[in-house]
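As provided, entry-v3.txt (compact mmCIF, C-alpha atoms and all ligand atoms) reads as follows.
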```
# COMPACT_ATOMS: atom_id res chain seq x y z
CA MET A 1 12.32 109.65 155.46
CA VAL A 2 13.27 109.74 159.13
CA MET A 3 13.24 106.36 160.76
CA GLU A 4 12.83 106.24 164.48
CA TYR A 5 13.88 103.27 166.48
CA LEU A 6 14.27 102.30 170.02
CA ALA A 7 17.12 100.21 171.17
CA PHE A 8 17.40 98.55 174.48
CA LYS A 9 19.81 96.09 175.90
CA ALA A 10 19.37 93.21 178.20
CA TRP A 11 22.29 92.08 180.30
CA VAL A 12 22.58 88.49 181.19
CA ASP A 13 24.27 88.32 184.51
CA LEU A 14 26.60 85.40 184.74
CA GLU A 15 27.71 85.82 188.34
CA GLU A 16 28.42 82.17 188.75
CA CYS A 17 31.25 81.98 186.25
CA GLU A 18 33.77 84.73 186.81
CA MET A 19 35.83 83.88 183.77
CA VAL A 20 33.03 84.84 181.43
CA ASN A 21 32.19 88.48 180.77
CA PRO A 22 28.50 89.45 180.98
CA ARG A 23 26.92 88.95 177.59
CA THR A 24 25.08 91.84 175.92
CA ILE A 25 22.08 91.03 173.81
CA SER A 26 20.86 93.90 171.68
CA GLU A 27 17.37 94.28 170.34
CA TYR A 28 16.37 96.96 167.88
CA ARG A 29 12.76 97.80 167.19
CA CYS A 30 11.34 99.31 164.04
CA GLY A 31 9.89 102.71 164.99
CA LYS A 32 6.94 102.17 162.65
CA CYS A 33 5.74 98.62 163.19
CA ASN A 34 7.57 97.86 166.45
CA LEU A 35 8.94 94.57 165.12
CA SER A 36 12.10 93.37 166.87
CA HIS A 37 15.37 92.92 164.95
CA ASN A 38 18.89 91.75 165.85
CA THR A 39 20.66 94.59 164.07
CA LEU A 40 20.15 98.31 163.80
CA ILE A 41 20.26 98.16 159.99
CA ALA A 42 17.52 95.53 159.89
CA ALA A 43 15.32 97.70 162.15
CA GLU A 44 15.95 100.78 159.99
CA LYS A 45 15.15 98.88 156.78
CA CYS A 46 12.19 96.93 158.22
CA CYS A 47 9.24 98.85 156.78
CA GLU A 48 11.16 99.80 153.63
CA VAL A 49 11.45 96.09 152.88
CA LYS A 50 7.73 95.59 153.51
CA VAL A 51 6.90 98.37 151.04
CA ALA A 52 9.36 96.88 148.52
CA ASP A 53 7.53 93.55 148.78
CA TRP A 54 4.33 95.24 147.62
CA GLU A 55 6.22 97.25 144.99
CA ASN A 56 7.32 93.97 143.42
CA VAL A 57 3.96 92.19 143.19
CA MET A 58 2.84 91.15 139.70
CA VAL A 59 -0.77 90.29 140.57
CA PHE A 60 -2.98 92.30 142.89
CA ASP A 61 -6.49 91.72 144.16
CA LEU A 62 -8.28 95.07 144.30
CA ARG A 63 -10.84 94.87 147.12
CA GLU A 64 -13.56 97.07 148.54
CA GLU A 65 -11.39 97.98 151.55
CA HIS A 66 -8.74 99.47 149.24
CA LEU A 67 -11.36 101.68 147.58
CA LYS A 68 -12.77 102.77 150.95
CA LEU A 69 -9.28 103.84 152.01
CA LEU A 70 -8.68 105.67 148.70
CA SER A 71 -11.98 107.55 149.15
CA GLU A 72 -10.76 108.83 152.51
CA ALA A 73 -7.24 109.66 151.29
CA ASN A 74 -6.02 113.01 152.59
CA ILE A 75 -4.48 114.49 149.42
CA VAL A 76 -2.11 117.38 149.94
CA TRP A 77 0.57 119.27 148.08
CA ASP A 78 3.98 117.96 149.16
CA ASP A 79 6.46 120.81 148.77
CA CYS A 80 9.54 118.56 148.91
CA GLU A 81 11.88 119.02 145.89
CA PHE A 82 9.77 120.22 142.91
CA GLY A 83 6.55 119.50 144.79
CA ALA A 84 3.79 117.05 143.88
CA PRO A 85 0.29 116.05 144.97
CA GLY A 86 0.07 112.97 147.17
CA MET A 87 -1.28 111.52 150.40
CA ASP A 88 -0.16 113.33 153.52
CA PRO A 89 2.39 110.91 155.05
CA LYS A 90 1.67 112.21 158.54
CA ARG A 91 -2.12 112.07 158.33
CA PRO A 92 -2.85 109.89 155.27
CA TYR A 93 -6.52 109.51 156.25
CA GLY A 94 -6.93 112.78 158.13
CA ASN A 95 -5.67 111.94 161.62
CA SER A 96 -2.27 111.15 163.07
CA ASP A 97 -3.63 107.89 164.54
CA VAL A 98 -3.20 106.17 161.18
CA THR A 99 -4.11 102.61 162.16
CA GLY A 100 -7.08 103.98 164.11
CA ASP A 101 -8.28 105.77 160.98
CA ILE A 102 -7.82 102.66 158.82
CA ALA A 103 -9.68 100.45 161.32
CA GLU A 104 -12.58 102.90 161.36
CA ILE A 105 -12.71 103.20 157.56
CA ILE A 106 -12.73 99.44 156.93
CA LYS A 107 -14.87 98.87 160.03
CA LEU A 108 -12.52 96.34 161.62
CA PRO A 109 -14.47 94.82 164.52
CA LYS A 110 -13.06 95.25 168.03
CA THR A 111 -13.11 91.54 168.80
CA LYS A 112 -10.99 89.96 171.54
CA ASN A 113 -8.49 88.82 168.89
CA ASN A 114 -8.14 92.30 167.40
CA TYR A 115 -8.52 94.71 170.27
CA ASP A 116 -7.16 95.08 173.79
CA GLU A 117 -10.01 96.56 175.84
CA ASP A 118 -7.81 97.24 178.89
CA GLU A 119 -5.07 99.03 176.98
CA GLU A 120 -7.59 100.56 174.56
CA CYS A 121 -5.46 99.73 171.54
CA TRP A 122 -5.34 97.34 168.62
CA LYS A 123 -3.44 94.12 169.21
CA GLU A 124 -0.20 93.47 167.36
CA ASN A 125 -1.70 91.19 164.70
CA ALA A 126 -4.48 93.69 163.94
CA GLU A 127 -1.98 96.56 163.92
CA ASP A 128 0.20 94.61 161.44
CA LYS A 129 -2.80 93.90 159.21
CA LEU A 130 -3.82 97.58 159.20
CA SER A 131 -0.29 98.79 158.40
CA ASP A 132 0.02 96.26 155.62
CA LEU A 133 -3.30 97.34 154.14
CA HIS A 134 -2.00 100.91 154.14
CA ARG A 135 1.02 99.78 152.07
CA GLN A 136 -1.29 97.97 149.66
CA VAL A 137 -3.04 101.29 148.98
CA MET A 138 0.06 102.23 146.97
CA ILE A 139 -0.66 99.46 144.43
CA ALA A 140 -4.42 100.08 144.56
CA MET A 141 -3.75 103.73 143.70
CA LYS A 142 -1.49 102.81 140.77
CA ILE A 143 -4.20 100.47 139.42
CA VAL A 144 -7.18 102.82 139.64
CA LEU A 145 -5.19 105.67 138.08
CA ARG A 146 -3.68 103.53 135.31
CA CYS A 147 -6.87 101.63 134.45
CA ARG A 148 -9.19 104.59 135.13
CA SER A 149 -11.43 102.06 136.85
CA PHE A 150 -12.62 101.06 140.31
CA LYS A 151 -13.67 97.59 139.22
CA LEU A 152 -12.93 95.06 141.96
CA GLY A 153 -11.00 91.90 141.15
CA LYS A 154 -7.59 90.74 140.04
CA TYR A 155 -5.14 92.88 138.12
CA GLN A 156 -1.86 91.85 136.54
CA ARG A 157 1.12 93.57 134.97
CA THR A 158 3.76 92.29 132.53
CA ASP A 159 6.92 93.58 134.16
CA LYS A 160 7.82 94.62 137.69
CA TYR A 161 9.40 97.82 136.34
CA LYS A 162 6.22 98.77 134.49
CA ASP A 163 2.84 99.74 135.85
CA ASP A 164 0.89 98.42 132.87
CA TRP A 165 -1.80 96.93 135.12
CA LYS A 166 -4.64 95.18 133.31
CA TYR A 167 -7.86 93.74 134.65
CA MET A 168 -7.94 89.93 134.72
CA GLY A 169 -11.39 89.29 136.13
CA GLU A 170 -12.99 88.59 139.50
ZN ZN B 1 8.70 97.93 160.43
```
Kindly return the structure encoded in the file as structure tokens.
Ligand SMILES: [Zn+2]
Amino acid sequence: MVMEYLAFKAWVDLEECEMVNPRTISEYRCGKCNLSHNTLIAAEKCCEVKVADWENVMVFDLREEHLKLLSEANIVWDDCEFGAPGMDPKRPYGNSDVTGDIAEIIKLPKTKNNYDEDEECWKENAEDKLSDLHRQVMIAMKIVLRCRSFKLGKYQRTDKYKDDWKYMGE
């Protein structure tokens, strides 16, 4: 996976005290979620860590929005290595504007809190919520395939290295 990141530096000019060299403060942004980090490694690992958090959950609440996203999943043949079917990582729901697709599918309202009318884009908190929901689709997919069911509610597994998801109830 190619991680893109932007790095920019801010120089604090300390003209007043000649004995002190100008201090360099570095900020690294995750190319996927735009979150700021102090180190390059943290920025590179940012979204990997967020996925890992979902990979480690033991209980998952399968909701209608997960099923709506699964219904719109753009399934393709990925020719990497041996090849396997999966969601197109570039256009997982059909278009390259991934958060835009997700917002449309789950019908996220363009309220003042969620949407910037002037910039015509989702605000950071809404963008974060949409990206996180996309990561949750991984677990939702494991559950519906394993349980052969689209029943909404809570699911649990016995071990974080197993995907033996079982339905617990609503
Ligand atoms: Zn990130």
**Study point:** Distance filter 8 Å around ligand ZN 1 (chain B), atoms: all atoms listed in the file, out as a list of chain:residue names
**Key:**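 Listed by chain and ascending number, the contacts are A:Arg29, A:Cys30, A:Gly31, A:Lys32, A:Cys33, A:Asn34, A:Leu35, A:Ala43, A:Glu44, A:Lys45, A:Cys46, A:Cys47, A:Glu48, A:Lys50.
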Using all atoms listed in the file, what residues lie at most 8 Å away from (-10.8, 96.8, 145.7) (file coordinates), given as a PDB file with C-alpha atoms, keeping the file's coordinate frame?
```pdb
ATOM      1  CA  ASP A  61      -6.490  91.720 144.160  1.00  0.00           C
ATOM      2  CA  LEU A  62      -8.280  95.070 144.300  1.00  0.00           C
ATOM      3  CA  ARG A  63     -10.840  94.870 147.120  1.00  0.00           C
ATOM      4  CA  GLU A  64     -13.560  97.070 148.540  1.00  0.00           C
ATOM      5  CA  GLU A  65     -11.390  97.980 151.550  1.00  0.00           C
ATOM      6  CA  HIS A  66      -8.740  99.470 149.240  1.00  0.00           C
ATOM      7  CA  LEU A  67     -11.360 101.680 147.580  1.00  0.00           C
ATOM      8  CA  ALA A 140      -4.420 100.080 144.560  1.00  0.00           C
ATOM      9  CA  PHE A 150     -12.620 101.060 140.310  1.00  0.00           C
ATOM     10  CA  LYS A 151     -13.670  97.590 139.220  1.00  0.00           C
ATOM     11  CA  LEU A 152     -12.930  95.060 141.960  1.00  0.00           C
ATOM     12  CA  GLY A 153     -11.000  91.900 141.150  1.00  0.00           C
TER      13      GLY A 153
END
```
Review point. Quick one: distance from CA of Asp164 in chain A to CA of Cys147 in chain A in Å, one decimal?
Key: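 Value for the CA of Asp164 in chain A-CA of Cys147 in chain A distance: 8.5 Å.
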Practice item. Using CA of Ala103 in chain A and CA of Ala126 in chain A as the two end points, give the distance in Å to one decimal. Key: 8.9 Å
Exercise for review: Dig up all the protein and nucleic acid residues within 9 Å of (-5.2, 110.2, 155.0) in the file frame, using only C-alpha atoms, and format them as a list in words.
Suggested key: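 The residues that fall inside the cut-off are Leu69, Leu70, Glu72, Ala73, Asn74, Ile75, Met87, Asp88, Pro89, Lys90, Arg91, Pro92, Tyr93, Gly94, Asn95, Ser96, Val98, Asp101 and Ile102 of chain A.
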Range 119-125 of chain A, all listed atoms, 3 Å padding on each side: what axis-aligned box centre and edge lengths in Å to one decimal come out, as AutoDock Vina command-line options?
```
--center_x -3.9 --center_y 95.9 --center_z 170.8 --size_x 13.4 --size_y 15.4 --size_z 18.3
```
**Study point:** Selected residue of minimal separation from Arg135 in chain A among A:Ile41, A:Asp79, A:Thr99, A:Lys107, counting all atoms listed in the file
**Key:**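 Smallest separation from Arg135 in chain A among the options: A:Thr99.
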Check your understanding: So how many Å separate CA of Asn113 in chain A and CA of Ser36 in chain A, to one decimal?
Key -> 21.2 Å
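Minimum atom-to-atom distance to Ala42 in chain A, evaluated using only C-alpha atoms, belongs to A:Glu27 out of A:Glu27, A:Asp163, A:Asp116, A:Asp128.
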